[in-house]
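Peer 1: Take a look at target_17.tsv, TSV, C-alpha atoms:
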```tsv
chain	number	residue	atom	x	y	z
A	10	MET	CA	239.30	129.23	76.01
A	11	LYS	CA	236.11	127.26	75.65
A	12	ILE	CA	234.81	125.80	78.95
A	13	LEU	CA	232.01	123.33	79.59
A	14	ILE	CA	230.49	122.72	83.00
A	15	THR	CA	228.89	119.28	83.29
A	16	TYR	CA	226.92	118.18	86.29
A	17	GLN	CA	224.76	115.46	87.75
A	18	SER	CA	222.36	116.72	90.40
A	19	LYS	CA	219.74	114.80	92.32
A	20	THR	CA	218.49	117.44	94.74
A	21	GLY	CA	219.47	120.67	92.96
A	22	PHE	CA	222.48	121.72	95.00
A	23	THR	CA	225.10	120.50	92.51
A	24	LYS	CA	223.18	122.24	89.72
A	25	LYS	CA	223.26	125.46	91.75
A	26	TYR	CA	227.06	125.27	92.09
A	27	ALA	CA	227.43	124.40	88.38
A	28	GLU	CA	225.38	127.46	87.43
A	29	TRP	CA	227.40	129.74	89.71
A	30	ILE	CA	230.69	128.44	88.27
A	31	GLY	CA	229.37	128.68	84.73
A	32	SER	CA	228.30	132.27	85.28
A	33	GLU	CA	231.69	133.27	86.72
A	34	LEU	CA	233.58	131.64	83.83
A	35	ASN	CA	231.12	132.48	81.05
A	36	ALA	CA	230.95	128.75	80.35
A	37	GLU	CA	228.36	126.50	78.78
A	38	ILE	CA	226.51	124.26	81.25
A	39	LYS	CA	225.08	120.82	80.47
A	40	GLU	CA	223.55	118.09	82.55
A	41	ILE	CA	225.63	114.91	82.21
A	42	LYS	CA	222.81	113.02	80.49
A	43	ASN	CA	223.12	115.49	77.58
A	44	ILE	CA	226.83	114.88	76.96
A	45	ASN	CA	228.36	112.86	74.12
A	46	ASP	CA	231.85	112.29	72.71
A	47	CYS	CA	231.57	115.09	70.17
A	48	ASP	CA	230.77	117.67	72.82
A	49	ILE	CA	233.86	116.99	74.93
A	50	ASN	CA	236.40	117.43	72.14
A	51	ASP	CA	235.10	120.92	71.38
A	52	TYR	CA	236.18	122.27	74.79
A	53	ASP	CA	239.56	123.22	76.25
A	54	LEU	CA	238.41	122.63	79.84
A	55	ILE	CA	235.67	120.50	81.35
A	56	ILE	CA	234.55	121.16	84.92
A	57	HIS	CA	232.42	118.32	86.24
A	58	GLY	CA	230.28	118.40	89.35
A	59	GLY	CA	228.46	115.49	90.87
A	60	TRP	CA	226.63	114.74	94.06
A	61	ILE	CA	228.46	112.37	96.31
A	62	MET	CA	227.22	109.23	98.00
A	63	GLY	CA	229.41	106.64	99.66
A	64	GLY	CA	232.46	108.56	98.51
A	65	MET	CA	231.57	108.21	94.81
A	66	ILE	CA	231.18	111.31	92.62
A	67	ASN	CA	228.18	110.78	90.36
A	68	GLY	CA	228.88	111.14	86.66
A	69	PHE	CA	232.65	111.42	87.10
A	70	ASN	CA	233.56	108.12	85.43
A	71	LYS	CA	231.48	109.01	82.36
A	72	ILE	CA	233.34	112.29	81.92
A	73	LYS	CA	236.76	110.77	82.68
A	74	ASN	CA	236.19	108.00	80.12
A	75	LEU	CA	235.54	110.63	77.43
A	76	LYS	CA	239.15	111.80	77.98
A	77	PRO	CA	238.75	115.59	78.06
A	78	LYS	CA	241.80	117.77	77.33
A	79	ARG	CA	241.68	119.28	80.83
A	80	LEU	CA	239.42	118.39	83.74
A	81	ILE	CA	238.50	119.89	87.11
A	82	VAL	CA	236.06	118.07	89.40
A	83	PHE	CA	233.85	119.17	92.24
A	84	ALA	CA	231.58	117.12	94.47
A	85	VAL	CA	228.62	118.26	96.53
A	86	GLY	CA	227.47	116.50	99.65
A	87	TYR	CA	225.45	117.04	102.78
A	88	THR	CA	228.45	116.80	105.14
A	89	PRO	CA	230.26	120.04	106.08
A	90	LYS	CA	233.66	120.32	104.36
A	91	GLU	CA	235.62	120.27	107.62
A	92	LYS	CA	234.23	116.79	108.36
A	93	VAL	CA	235.04	115.35	104.91
A	94	ASN	CA	238.17	113.34	104.09
A	95	ILE	CA	239.08	114.91	100.74
A	96	SER	CA	242.02	112.53	100.16
A	97	GLN	CA	239.79	109.52	100.66
A	98	ILE	CA	237.27	110.81	98.10
A	99	ALA	CA	240.11	111.47	95.65
A	100	ASN	CA	241.44	107.93	96.16
A	101	VAL	CA	238.05	106.20	95.91
A	102	ASN	CA	237.35	107.98	92.61
A	103	ASN	CA	240.90	107.52	91.24
A	104	LEU	CA	241.25	111.27	90.64
A	105	GLY	CA	245.04	111.15	90.46
A	106	ASP	CA	246.26	114.63	89.47
A	107	ILE	CA	242.81	115.95	88.56
A	108	PRO	CA	242.07	119.07	90.65
A	109	PHE	CA	239.22	118.37	93.08
A	110	PHE	CA	236.94	120.56	95.19
A	111	TYR	CA	234.27	119.61	97.72
A	112	TYR	CA	231.26	121.81	98.53
A	113	GLN	CA	228.54	121.42	101.11
A	114	GLY	CA	225.10	121.26	99.57
A	115	GLY	CA	222.08	120.52	101.67
A	116	MET	CA	219.09	118.27	102.05
A	117	ASN	CA	216.01	118.27	99.87
A	118	PRO	CA	213.76	115.44	101.13
A	119	GLU	CA	211.27	115.90	98.28
A	120	LYS	CA	213.93	114.84	95.76
A	121	MET	CA	215.89	112.28	97.77
A	122	GLY	CA	213.66	109.23	97.61
A	123	PHE	CA	213.13	106.60	100.26
A	124	ILE	CA	216.64	105.07	100.12
A	125	GLY	CA	218.37	108.46	100.30
A	126	LEU	CA	216.23	109.57	103.22
A	127	THR	CA	216.84	106.28	105.05
A	128	ILE	CA	220.62	106.56	104.62
A	129	VAL	CA	220.63	110.15	105.85
A	130	LYS	CA	218.57	109.18	108.90
A	131	ILE	CA	220.91	106.29	109.76
A	132	VAL	CA	224.16	108.20	109.18
A	133	THR	CA	223.29	111.65	110.53
A	134	LYS	CA	220.54	110.79	113.05
A	135	GLU	CA	218.92	114.04	111.87
A	136	LYS	CA	215.37	114.77	110.88
A	137	SER	CA	214.95	115.01	107.10
A	138	ILE	CA	213.96	118.62	106.54
A	139	PHE	CA	214.95	121.01	103.76
A	140	LYS	CA	218.36	122.58	104.43
A	141	ASP	CA	220.47	124.64	102.03
A	142	ALA	CA	224.10	125.14	103.04
A	143	THR	CA	225.31	126.20	99.58
A	144	ASN	CA	227.50	129.29	99.45
A	145	LYS	CA	228.69	131.02	96.30
A	146	GLU	CA	231.90	132.03	98.08
A	147	ASN	CA	232.93	128.34	98.05
A	148	ILE	CA	233.61	128.38	94.30
A	149	LYS	CA	236.34	131.07	94.44
A	150	ASP	CA	239.35	128.72	94.37
A	151	LEU	CA	237.95	126.62	91.51
A	152	VAL	CA	237.17	129.75	89.46
A	153	ILE	CA	240.66	131.14	90.08
A	154	MET	CA	242.24	127.84	89.01
A	155	ALA	CA	240.13	127.67	85.85
A	156	LYS	CA	241.01	131.27	84.92
A	157	LYS	CA	244.73	130.50	85.31
A	158	ILE	CA	244.37	127.65	82.81
A	159	GLN	CA	242.96	130.12	80.30
```
As structure tokens, please, write out the structure in this file.

Peer 2:
Amino acid sequence: MKILITYQSKTGFTKKYAEWIGSELNAEIKEIKNINDCDINDYDLIIHGGWIMGGMINGFNKIKNLKPKRLIVFAVGYTPKEKVNISQIANVNNLGDIPFFYYQGGMNPEKMGFIGLTIVKIVTKEKSIFKDATNKENIKDLVIMAKKIQ
């Protein structure tokens, strides 16, 4: 089975998860800006990861509109998983039956920009300092699901 991991990463945490998943599944990895219609049709499974802001998974609509044969989606955000409403994210993004996973990323102020930093300060009331809450163990269930599809 030929697998492609696509991702859109602003601060590097989504890219980190994409690389971990790609390594576990021996899959090709491409940033979403390097995807076109021809690429998608060559793969049996697409796994897309995007950073999340306001409940929206970045890059997801682009991948969904390309109509891949099979699709799994993961989103990476600053909020710990236990405080995230997974169903609400699925509904906002119209995921339907597409398998979805959420992973905690972190904060990288150097790559967030003024607007991102302002939103984080308002929502979390936390100081904007580098934090990395990524954990390779988080990808286990997604990897198991993808291997079952094979």

Peer 1: Hey, what's within 6 Å of stretch 140-150 of chain A if we count only C-alpha atoms and toss same-chain stuff fewer than 2 positions away? As a list of chain:residue names, please?

Peer 2: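 Residues near the query, excluding close chain neighbours: A:Gln113, A:Gly114, A:Gly115, A:Met116, A:Val152, A:Ile153.
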
Peer 1: How far is it from atom CA of A:Tyr112 to atom CA of A:Val85, in Å with one decimal?

Peer 2: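 Rounded to one decimal, the two atoms are 4.9 Å apart.
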
Peer 1: Have a look at A:Gly64, A:Pro89, A:Gly105, A:Gly31 and name the one nearest to A:Lys11; count all atoms listed in the file.

Peer 2: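 Smallest distance to A:Lys11 is found for A:Gly31.
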
Peer 1: Pick the closest to A:Ile49 from A:Lys71, A:Lys19, A:Lys76, A:Lys157: which is it, counting all atoms listed in the file?

Peer 2: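 Residue with the minimum atom-to-atom distance to A:Ile49: A:Lys76.
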
Peer 1: What does the distance between atom CA of A:Asp51 and atom CA of A:Asn100 come to in Å, to one decimal place?

Peer 2: 28.7 Å

Peer 1: Record the distance separating atom CA of A:Lys78 and atom CA of A:Leu13, expressed in Å with one decimal.

Peer 2: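 Rounded to one decimal, the two atoms are 11.5 Å apart.
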
Peer 1: Find the residues near A:Phe109: any atom within 8 Å, counting all atoms listed in the file, skip ones fewer than 5 places away on the same chain, and give them as a PyMOL selection string.

Peer 2: chain A and resi 81-84+99+104

Peer 1: Using only C-alpha atoms, which of A:Gly86, A:Asn50, A:Ala155, A:Glu40 sits nearest A:Phe22?

Peer 2: A:Gly86
